[in-house]
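run_12.cif, holding mmCIF, C-alpha atoms:
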data_target
#
loop_
_atom_site.label_atom_id
_atom_site.label_comp_id
_atom_site.auth_asym_id
_atom_site.auth_seq_id
_atom_site.Cartn_x
_atom_site.Cartn_y
_atom_site.Cartn_z
CA MET L 232 -8.65 12.97 -1.67
CA PRO L 233 -8.14 9.93 0.59
CA LEU L 234 -6.33 10.34 3.88
CA ILE L 235 -4.55 7.59 5.79
CA SER L 236 -5.83 8.12 9.29
CA PRO L 237 -6.03 5.84 12.35
CA ASP L 238 -9.35 7.49 13.20
CA ASP L 239 -11.34 6.40 10.15
CA GLY L 240 -11.71 2.70 11.02
CA TYR L 241 -11.87 1.66 7.36
CA LEU L 242 -10.99 -1.74 5.97
CA THR L 243 -8.13 -1.08 3.53
CA VAL L 244 -7.59 -3.36 0.54
CA PHE L 245 -4.40 -3.45 -1.49
CA ASN L 246 -5.01 -4.91 -4.95
CA LEU L 247 -1.50 -5.72 -6.19
CA PHE L 248 -0.91 -6.72 -9.80
CA GLU L 249 2.48 -7.66 -11.26
CA THR L 250 2.70 -7.57 -15.06
CA ASP L 251 5.37 -8.82 -17.46
CA THR L 252 5.52 -5.65 -19.58
CA ARG L 253 4.71 -1.94 -19.47
CA PRO L 254 1.97 -2.29 -22.12
CA LEU L 255 0.24 -4.89 -19.93
CA GLN L 256 0.64 -2.54 -16.97
CA ASP L 257 -1.11 0.14 -19.03
CA ASP L 258 -3.92 -2.32 -19.85
CA VAL L 259 -4.42 -3.02 -16.13
CA LEU L 260 -4.39 0.71 -15.38
CA ASP L 261 -7.01 1.38 -18.05
CA ALA L 262 -9.27 -1.43 -16.83
CA MET L 263 -8.91 -0.42 -13.21
CA ARG L 264 -9.50 3.25 -13.96
CA ASP L 265 -12.78 2.34 -15.67
CA ILE L 266 -13.87 0.33 -12.62
CA ILE L 267 -12.97 3.19 -10.28
CA ASP L 268 -14.82 5.78 -12.35
CA HIS L 269 -18.01 3.71 -12.28
CA ALA L 270 -17.79 2.46 -8.69
CA ASP L 271 -21.05 2.82 -6.78
CA TYR L 272 -20.84 -0.13 -4.40
CA PRO L 273 -22.47 0.09 -0.96
CA GLY L 274 -19.77 0.74 1.61
CA TRP L 275 -17.10 1.75 -0.91
CA ILE L 276 -15.21 4.82 0.31
CA SER L 277 -12.37 5.47 -2.14
CA SER L 278 -9.97 3.94 -4.65
CA THR L 279 -6.53 5.28 -5.52
CA LEU L 280 -4.62 3.79 -8.43
CA HIS L 281 -0.81 3.53 -8.49
CA SER L 282 1.42 2.88 -11.49
CA GLY L 283 4.62 0.83 -11.06
CA VAL L 284 7.95 2.64 -11.39
CA ASP L 285 10.84 0.25 -10.78
CA GLU L 286 8.96 -2.79 -12.08
CA PRO L 287 5.78 -3.16 -14.16
CA GLY L 288 2.72 -3.45 -11.96
CA THR L 289 -0.10 -1.59 -10.28
CA VAL L 290 -1.62 -1.09 -6.85
CA ASN L 291 -5.18 -0.06 -6.16
CA TYR L 292 -5.48 1.30 -2.60
CA ILE L 293 -9.14 0.89 -1.63
CA GLN L 294 -11.00 1.98 1.49
CA TRP L 295 -14.18 0.17 2.53
CA ARG L 296 -16.62 0.85 5.34
CA SER L 297 -16.56 -2.78 6.46
CA ALA L 298 -15.52 -6.33 5.56
CA ALA L 299 -19.16 -7.19 4.93
CA ASP L 300 -19.44 -4.49 2.27
CA LEU L 301 -16.28 -5.76 0.57
CA GLN L 302 -17.50 -9.36 0.64
CA ALA L 303 -20.74 -8.32 -1.02
CA ARG L 304 -18.66 -6.85 -3.85
CA TYR L 305 -16.53 -10.01 -4.12
CA ASP L 306 -19.64 -12.21 -4.18
CA GLY L 307 -21.17 -10.26 -7.05
CA GLN L 308 -21.67 -12.05 -10.36
CA LYS L 309 -19.89 -9.35 -12.40
CA PHE L 310 -16.82 -9.46 -10.15
CA GLN L 311 -16.63 -13.26 -10.28
CA GLN L 312 -17.34 -13.73 -13.98
CA LYS L 313 -15.77 -10.65 -15.57
CA THR L 314 -13.42 -8.71 -13.28
CA VAL L 315 -11.44 -11.60 -11.79
CA PRO L 316 -10.81 -13.41 -15.13
CA LEU L 317 -9.77 -10.14 -16.80
CA PHE L 318 -7.08 -9.30 -14.28
CA HIS L 319 -5.77 -12.84 -14.12
CA LYS L 320 -5.42 -12.64 -17.91
CA LEU L 321 -3.50 -9.35 -17.83
CA ALA L 322 -1.34 -9.82 -14.73
CA ARG L 323 1.34 -12.36 -13.84
CA THR L 324 0.33 -12.25 -10.17
CA VAL L 325 -2.78 -10.93 -8.42
CA ARG L 326 -3.04 -10.32 -4.68
CA LEU L 327 -6.15 -8.89 -3.00
CA LEU L 328 -4.96 -8.03 0.49
CA LYS L 329 -7.47 -7.12 3.19
CA THR L 330 -5.85 -5.07 5.94
CA GLU L 331 -6.42 -2.93 9.02
CA LEU L 332 -4.41 0.22 9.67
CA ALA L 333 -2.03 -0.37 12.58
CA PHE L 334 0.52 2.48 12.63
CA THR L 335 1.21 5.80 10.94
CA GLN L 336 3.99 8.34 11.13
CA HIS L 337 4.71 11.36 8.97
CA HIS L 338 7.17 14.20 8.72
CA PRO L 339 6.18 17.15 10.95
CA ALA L 340 6.00 19.36 7.86
CA LEU L 341 2.95 17.42 6.63
CA GLU L 342 0.46 19.35 8.72
CA GLN L 343 -2.55 17.86 6.91
CA GLY L 344 -1.47 14.30 7.69
CA ILE L 345 -0.96 11.54 5.13
CA GLU L 346 -2.78 12.19 1.88
CA ILE L 347 -2.64 10.07 -1.27
CA SER L 348 -3.46 11.88 -4.47
CA PRO L 349 -2.40 12.17 -8.13
CA GLU L 350 -2.11 15.90 -7.47
CA ARG L 351 0.88 15.17 -5.22
CA ASP L 352 4.32 14.03 -6.40
CA ASP L 353 4.95 11.27 -3.86
CA TYR L 354 7.38 8.50 -4.72
CA THR L 355 5.47 5.66 -3.09
CA VAL L 356 6.94 2.40 -1.81
CA VAL L 357 4.72 -0.62 -1.06
CA ILE L 358 6.26 -3.66 0.63
CA VAL L 359 4.39 -6.80 1.64
CA PHE L 360 6.10 -8.82 4.37
CA ASP L 361 4.79 -12.38 4.47
CA THR L 362 4.96 -14.06 7.86
CA ARG L 363 3.59 -16.93 9.90
CA PRO L 364 0.33 -16.21 11.77
CA GLU L 365 2.04 -16.84 15.10
CA ASP L 366 4.70 -14.23 14.22
CA GLN L 367 2.53 -11.45 12.75
CA LYS L 368 1.98 -9.66 16.06
CA GLU L 369 5.69 -9.58 16.89
CA LEU L 370 6.62 -8.55 13.36
CA LEU L 371 4.17 -5.68 13.47
CA GLU L 372 5.31 -4.56 16.91
CA THR L 373 8.93 -4.71 15.75
CA LEU L 374 8.34 -2.64 12.61
CA ALA L 375 5.67 -0.24 13.83
CA GLN L 376 7.67 1.80 16.31
CA PRO L 377 7.88 5.60 16.48
CA ASP L 378 11.08 6.58 14.68
CA GLU L 379 12.45 10.07 15.23
CA TRP L 380 15.60 9.28 13.26
CA ILE L 381 13.76 8.73 9.97
CA THR L 382 12.25 12.22 10.13
CA THR L 383 15.82 13.53 9.77
CA VAL L 384 16.49 11.47 6.63
CA PRO L 385 16.38 13.71 3.52
CA GLY L 386 13.28 13.09 1.42
CA TYR L 387 11.22 11.21 4.01
CA ARG L 388 7.49 12.04 4.04
CA SER L 389 5.56 9.25 5.75
CA HIS L 390 5.28 5.53 6.45
CA THR L 391 2.36 3.37 7.48
CA TYR L 392 1.91 -0.25 8.52
CA PHE L 393 -1.19 -2.34 7.89
CA ARG L 394 -2.05 -5.66 9.53
CA GLY L 395 -3.19 -8.43 7.18
CA VAL L 396 -6.63 -9.56 8.30
CA ASP L 397 -5.79 -13.23 7.72
CA GLY L 398 -2.65 -12.96 9.87
CA THR L 399 -0.13 -13.91 7.19
CA TYR L 400 1.39 -10.56 6.18
CA VAL L 401 2.13 -6.95 7.08
CA VAL L 402 2.01 -4.15 4.49
CA ASN L 403 4.29 -1.10 4.55
CA TYR L 404 3.09 1.96 2.58
CA ALA L 405 5.66 4.78 2.49
CA GLN L 406 5.98 8.14 0.75
CA TRP L 407 9.22 9.86 -0.26
CA ASP L 408 10.19 13.02 -2.12
CA SER L 409 11.93 11.16 -4.95
CA LYS L 410 13.47 7.93 -6.15
CA GLU L 411 16.91 9.33 -5.38
CA ALA L 412 15.96 10.07 -1.77
CA TYR L 413 14.44 6.64 -1.21
CA ASP L 414 17.31 4.79 -2.89
CA ALA L 415 19.81 6.65 -0.68
CA PHE L 416 17.86 5.59 2.42
CA HIS L 417 17.30 2.02 1.22
CA THR L 418 20.99 1.43 0.43
CA LEU L 419 22.32 3.19 3.52
CA PRO L 420 24.94 0.94 5.18
CA GLU L 421 23.63 -0.73 8.32
CA GLU L 422 26.39 0.78 10.48
CA GLN L 423 25.07 4.27 9.65
CA ARG L 424 21.65 3.48 11.10
CA PRO L 425 20.93 3.88 14.84
CA ALA L 426 21.62 0.78 16.94
CA GLY L 427 17.97 0.36 17.91
CA ILE L 428 16.91 0.52 14.28
CA ARG L 429 19.50 -2.09 13.33
CA ARG L 430 18.30 -4.47 16.03
CA GLY L 431 14.69 -4.07 14.93
CA ARG L 432 15.56 -4.69 11.28
CA GLU L 433 17.50 -7.82 12.18
CA ARG L 434 14.65 -9.19 14.27
CA ALA L 435 12.09 -8.38 11.59
CA ARG L 436 14.10 -10.23 8.96
CA SER L 437 13.99 -13.36 11.11
CA LEU L 438 10.17 -13.21 11.20
CA VAL L 439 9.61 -12.64 7.48
CA THR L 440 8.99 -15.61 5.19
CA GLY L 441 8.65 -13.66 1.94
CA ARG L 442 8.85 -10.12 0.59
CA GLN L 443 7.14 -8.38 -2.34
CA ALA L 444 8.11 -4.78 -3.09
CA ASN L 445 7.75 -2.16 -5.79
CA THR L 446 7.66 1.61 -6.16
CA TYR L 447 4.80 3.65 -7.60
CA ARG L 448 3.32 6.97 -8.63
CA VAL L 449 -0.34 7.74 -7.91
CA THR L 450 -2.14 8.20 -11.22
CA HIS L 451 -5.87 8.31 -10.43
CA SER L 452 -8.20 8.60 -7.44
CA ARG L 453 -11.91 8.84 -6.78
CA SER L 454 -13.99 8.91 -3.61
CA ALA L 455 -17.66 8.20 -2.96
CA LEU L 456 -19.93 11.16 -2.75
CA PRO L 457 -20.95 12.16 0.79
CA ALA L 458 -24.28 10.73 1.85
CA LYS L 459 -27.14 13.18 1.56
CA GLY L 460 -28.61 14.34 4.83
#
Serialized structure, structure tokens:
Amino acid sequence: MPLISPDDGYLTVFNLFETDTRPLQDDVLDAMRDIIDHADYPGWISSTLHSGVDEPGTVNYIQWRSAADLQARYDGQKFQQKTVPLFHKLARTVRLLKTELAFTQHHPALEQGIEISPERDDYTVVIVFDTRPEDQKELLETLAQPDEWITTVPGYRSHTYFRGVDGTYVVNYAQWDSKEAYDAFHTLPEEQRPAGIRRGRERARSLVTGRQANTYRVTHSRSALPAKG
């Protein structure tokens, strides 16, 4: 199953789809699952499909060998004439976000690192922070700091930050034990957070121009077969 590792050097794409209803979410999941199960694109590493929990929607977390490989997929006739129109028909919003891994941290108990898999029970949170290109670097540096305090928060498993390739956003991908654990952390009063954390959150808010967030469960994953020697 896919690992989130700073050593792999992959281009990571977040395909985010917001839908108006759960049945439309299911339609997107079915269509995306079919694409994943038949993927054989040069440079494609893995795809991991997420189903929306708090709000209808999906995320496909995709690893590519390079931007050139991804562009070849985007330029393909089938993608342009069939895939893109289908998802724009099913989803209210579609975002295809090209990113580079910038920071990871996980609970010490996760000895194998950060894994994403339908065989796990992670309650996954994905947040996209929109920002101005001139502010992306500072936003990322403000958010992506080692945080010993969060490892003491009940239910925390991991969090990762990705840099938007076009400079206009930062993506946060986090894993928790449960909805209850994440909600308790998310609604924790500011005065109960460490002073340094509070200052960083305040500064980050001043650099963000928009925010898109939802919670998910991983439902399906597939990786490319290893190349034959």
TODO: To one decimal in Å, tell me the separation between CA of Leu374 in chain L and CA of Ala435 in chain L.
DONE: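 It comes out at 6.9 Å.
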TODO: Could you please determine the separation between CA of Asp361 in chain L and CA of Ala375 in chain L in Å, to one decimal place?
DONE: 15.4 Å
Open item on the list: Given all atoms listed in the file as the basis, pick out the residue of L:Arg363, L:Met263, L:Ala270, L:His319 nearest to Arg304 in chain L.
Closed with: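 Among L:Arg363, L:Met263, L:Ala270, L:His319, it is L:Ala270 that comes nearest to Arg304 in chain L.
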Task: Hits from the PyMOL selection byres ((chain L and resi 351) around 12), listed as a PyMOL selection string - done: chain L and resi 232-233+345-350+352-355+388+406-409+448-452
TODO: Select, from L:Arg323, L:His338, L:Arg436, L:Arg453, the residue with the minimum atom-to-atom distance to Leu370 in chain L, counting all atoms listed in the file.
DONE: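 Comparing L:Arg323, L:His338, L:Arg436, L:Arg453 against Leu370 in chain L, the winner is L:Arg436.
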Open item on the list: What's the separation between CA of Val356 in chain L and CA of Ala444 in chain L, in Å to one decimal place?
Closed with: 7.4 Å
TODO: Would you write out, as a PyMOL selection string, every residue that the PyMOL selection byres ((chain L and resi 437) around 12) captures in this file?
DONE: chain L and resi 360-363+366-367+369-370+373+430-436+438-441
Open item on the list: With distances taken over all atoms listed in the file, which residue among L:Val359, L:Val244, L:Leu327, L:Leu280 lies nearest Asn445 in chain L?
Closed with: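 Answer, going by the shortest atom-to-atom distance: L:Val359.
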- [ ] Go through L:Phe310, L:Phe318, L:Tyr413, L:Tyr241 and flag the residue nearest Asp261 in chain L, using only C-alpha atoms for the distances.
- [x]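 Result for the nearest residue to Asp261 in chain L: L:Phe318.
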Give as a tab-separated table (two decimals) with C-alpha atoms, in the coordinates of the input the set of residues within 9 Å of the point (-0.3, 3.5, 12.8), where distances use the file's coordinates and all atoms listed in the file.
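The resulting result.tsv:
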chain	number	residue	atom	x	y	z
L	236	SER	CA	-5.83	8.12	9.29
L	237	PRO	CA	-6.03	5.84	12.35
L	332	LEU	CA	-4.41	0.22	9.67
L	333	ALA	CA	-2.03	-0.37	12.58
L	334	PHE	CA	0.52	2.48	12.63
L	335	THR	CA	1.21	5.80	10.94
L	336	GLN	CA	3.99	8.34	11.13
L	375	ALA	CA	5.67	-0.24	13.83
L	376	GLN	CA	7.67	1.80	16.31
L	390	HIS	CA	5.28	5.53	6.45
L	391	THR	CA	2.36	3.37	7.48
L	392	TYR	CA	1.91	-0.25	8.52
L	393	PHE	CA	-1.19	-2.34	7.89
Open item on the list: Given all atoms listed in the file as the basis, pick out the residue of L:Trp380, L:Tyr404, L:Trp295, L:Tyr272 nearest to Val357 in chain L.
Closed with: L:Tyr404
Quick one: 5 Å padding each side, axis-aligned, all listed atoms of range 418-435 of chain L - centre and edge lengths in Å to one decimal, as AutoDock Vina command-line options?
--center_x 19.2 --center_y -2.5 --center_z 9.2 --size_x 24.3 --size_y 23.5 --size_z 27.5
Open item on the list: List the spatial neighbours of Leu260 in chain L as a count of residues only - criterion: any atom at most 9 Å away, only C-alpha atoms, same-chain residues fewer than 5 positions off excluded.
Closed with: 8
Open item on the list: Give me the residues near Ser297 in chain L as a PyMOL selection string, where near means some atom within 7 Å (using only C-alpha atoms) and where sequence neighbours in that chain fewer than 4 positions away do not count.
Closed with: chain L and resi 241-242+274+301
Open item on the list: Which residue is closest to Glu379 in chain L? Choose from L:Val315, L:Val401, L:Ile428, L:Leu419 and count only C-alpha atoms.
Closed with: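 That would be L:Ile428, the residue with the smallest distance to Glu379 in chain L.
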- [ ] Report as a list in words the full result of the PyMOL selection byres ((chain L and resi 417) around 12) when it is applied to this structure.
- [x]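 Output of the PyMOL selection byres ((chain L and resi 417) around 12): Val356, Ile381, Val384, Pro385, Gly386, Tyr387, Trp407, Lys410, Glu411, Ala412, Tyr413, Asp414, Ala415, Phe416, Thr418, Leu419, Pro420, Glu421, Gln423 and Arg424 of chain L.
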With N, CA and C atoms as the target, complete range 234-258 of chain L and hand it back as an mmCIF file, in the frame of the given file.
data_model
loop_
_atom_site.group_PDB
_atom_site.id
_atom_site.type_symbol
_atom_site.label_atom_id
_atom_site.label_comp_id
_atom_site.auth_asym_id
_atom_site.auth_seq_id
_atom_site.Cartn_x
_atom_site.Cartn_y
_atom_site.Cartn_z
ATOM 1 N N LEU L 234 -7.315 10.151 2.827
ATOM 2 C CA LEU L 234 -6.330 10.340 3.880
ATOM 3 C C LEU L 234 -6.091 8.983 4.548
ATOM 4 N N ILE L 235 -4.858 8.770 4.993
ATOM 5 C CA ILE L 235 -4.550 7.590 5.790
ATOM 6 C C ILE L 235 -4.570 8.026 7.242
ATOM 7 N N SER L 236 -5.620 7.641 7.936
ATOM 8 C CA SER L 236 -5.830 8.120 9.290
ATOM 9 C C SER L 236 -6.232 6.981 10.215
ATOM 10 N N PRO L 237 -5.632 6.889 11.400
ATOM 11 C CA PRO L 237 -6.030 5.840 12.350
ATOM 12 C C PRO L 237 -7.433 6.051 12.913
ATOM 13 N N ASP L 238 -8.028 7.194 12.644
ATOM 14 C CA ASP L 238 -9.350 7.490 13.200
ATOM 15 C C ASP L 238 -10.498 7.047 12.310
ATOM 16 N N ASP L 239 -10.222 6.663 11.054
ATOM 17 C CA ASP L 239 -11.340 6.400 10.150
ATOM 18 C C ASP L 239 -11.961 5.010 10.328
ATOM 19 N N GLY L 240 -11.176 4.035 10.787
ATOM 20 C CA GLY L 240 -11.710 2.700 11.020
ATOM 21 C C GLY L 240 -12.042 1.914 9.773
ATOM 22 N N TYR L 241 -11.537 2.341 8.605
ATOM 23 C CA TYR L 241 -11.870 1.660 7.360
ATOM 24 C C TYR L 241 -11.110 0.333 7.221
ATOM 25 N N LEU L 242 -11.699 -0.570 6.464
ATOM 26 C CA LEU L 242 -10.990 -1.740 5.970
ATOM 27 C C LEU L 242 -10.247 -1.278 4.717
ATOM 28 N N THR L 243 -8.937 -1.498 4.674
ATOM 29 C CA THR L 243 -8.130 -1.080 3.530
ATOM 30 C C THR L 243 -7.712 -2.301 2.736
ATOM 31 N N VAL L 244 -7.954 -2.254 1.425
ATOM 32 C CA VAL L 244 -7.590 -3.360 0.540
ATOM 33 C C VAL L 244 -6.499 -2.892 -0.411
ATOM 34 N N PHE L 245 -5.442 -3.678 -0.500
ATOM 35 C CA PHE L 245 -4.400 -3.450 -1.490
ATOM 36 C C PHE L 245 -4.579 -4.488 -2.595
ATOM 37 N N ASN L 246 -4.958 -4.034 -3.784
ATOM 38 C CA ASN L 246 -5.010 -4.910 -4.950
ATOM 39 C C ASN L 246 -3.695 -4.756 -5.701
ATOM 40 N N LEU L 247 -2.823 -5.758 -5.585
ATOM 41 C CA LEU L 247 -1.500 -5.720 -6.190
ATOM 42 C C LEU L 247 -1.471 -6.590 -7.444
ATOM 43 N N PHE L 248 -1.013 -6.002 -8.543
ATOM 44 C CA PHE L 248 -0.910 -6.720 -9.800
ATOM 45 C C PHE L 248 0.515 -6.567 -10.332
ATOM 46 N N GLU L 249 1.194 -7.677 -10.579
ATOM 47 C CA GLU L 249 2.480 -7.660 -11.260
ATOM 48 C C GLU L 249 2.259 -8.045 -12.713
ATOM 49 N N THR L 250 2.840 -7.275 -13.639
ATOM 50 C CA THR L 250 2.700 -7.570 -15.060
ATOM 51 C C THR L 250 4.076 -7.789 -15.684
ATOM 52 N N ASP L 251 4.096 -8.498 -16.806
ATOM 53 C CA ASP L 251 5.370 -8.820 -17.460
ATOM 54 C C ASP L 251 5.936 -7.650 -18.250
ATOM 55 N N THR L 252 5.067 -6.751 -18.726
ATOM 56 C CA THR L 252 5.520 -5.650 -19.580
ATOM 57 C C THR L 252 4.804 -4.360 -19.210
ATOM 58 N N ARG L 253 5.363 -3.241 -19.665
ATOM 59 C CA ARG L 253 4.710 -1.940 -19.470
ATOM 60 C C ARG L 253 3.386 -1.842 -20.213
ATOM 61 N N PRO L 254 3.284 -2.340 -21.453
ATOM 62 C CA PRO L 254 1.970 -2.290 -22.120
ATOM 63 C C PRO L 254 0.883 -3.040 -21.339
ATOM 64 N N LEU L 255 1.230 -4.194 -20.742
ATOM 65 C CA LEU L 255 0.240 -4.890 -19.930
ATOM 66 C C LEU L 255 -0.084 -4.098 -18.668
ATOM 67 N N GLN L 256 0.907 -3.428 -18.103
ATOM 68 C CA GLN L 256 0.640 -2.540 -16.970
ATOM 69 C C GLN L 256 -0.380 -1.473 -17.374
ATOM 70 N N ASP L 257 -0.189 -0.898 -18.557
ATOM 71 C CA ASP L 257 -1.110 0.140 -19.030
ATOM 72 C C ASP L 257 -2.522 -0.434 -19.215
ATOM 73 N N ASP L 258 -2.601 -1.687 -19.680
ATOM 74 C CA ASP L 258 -3.920 -2.320 -19.850
ATOM 75 C C ASP L 258 -4.612 -2.477 -18.488
#
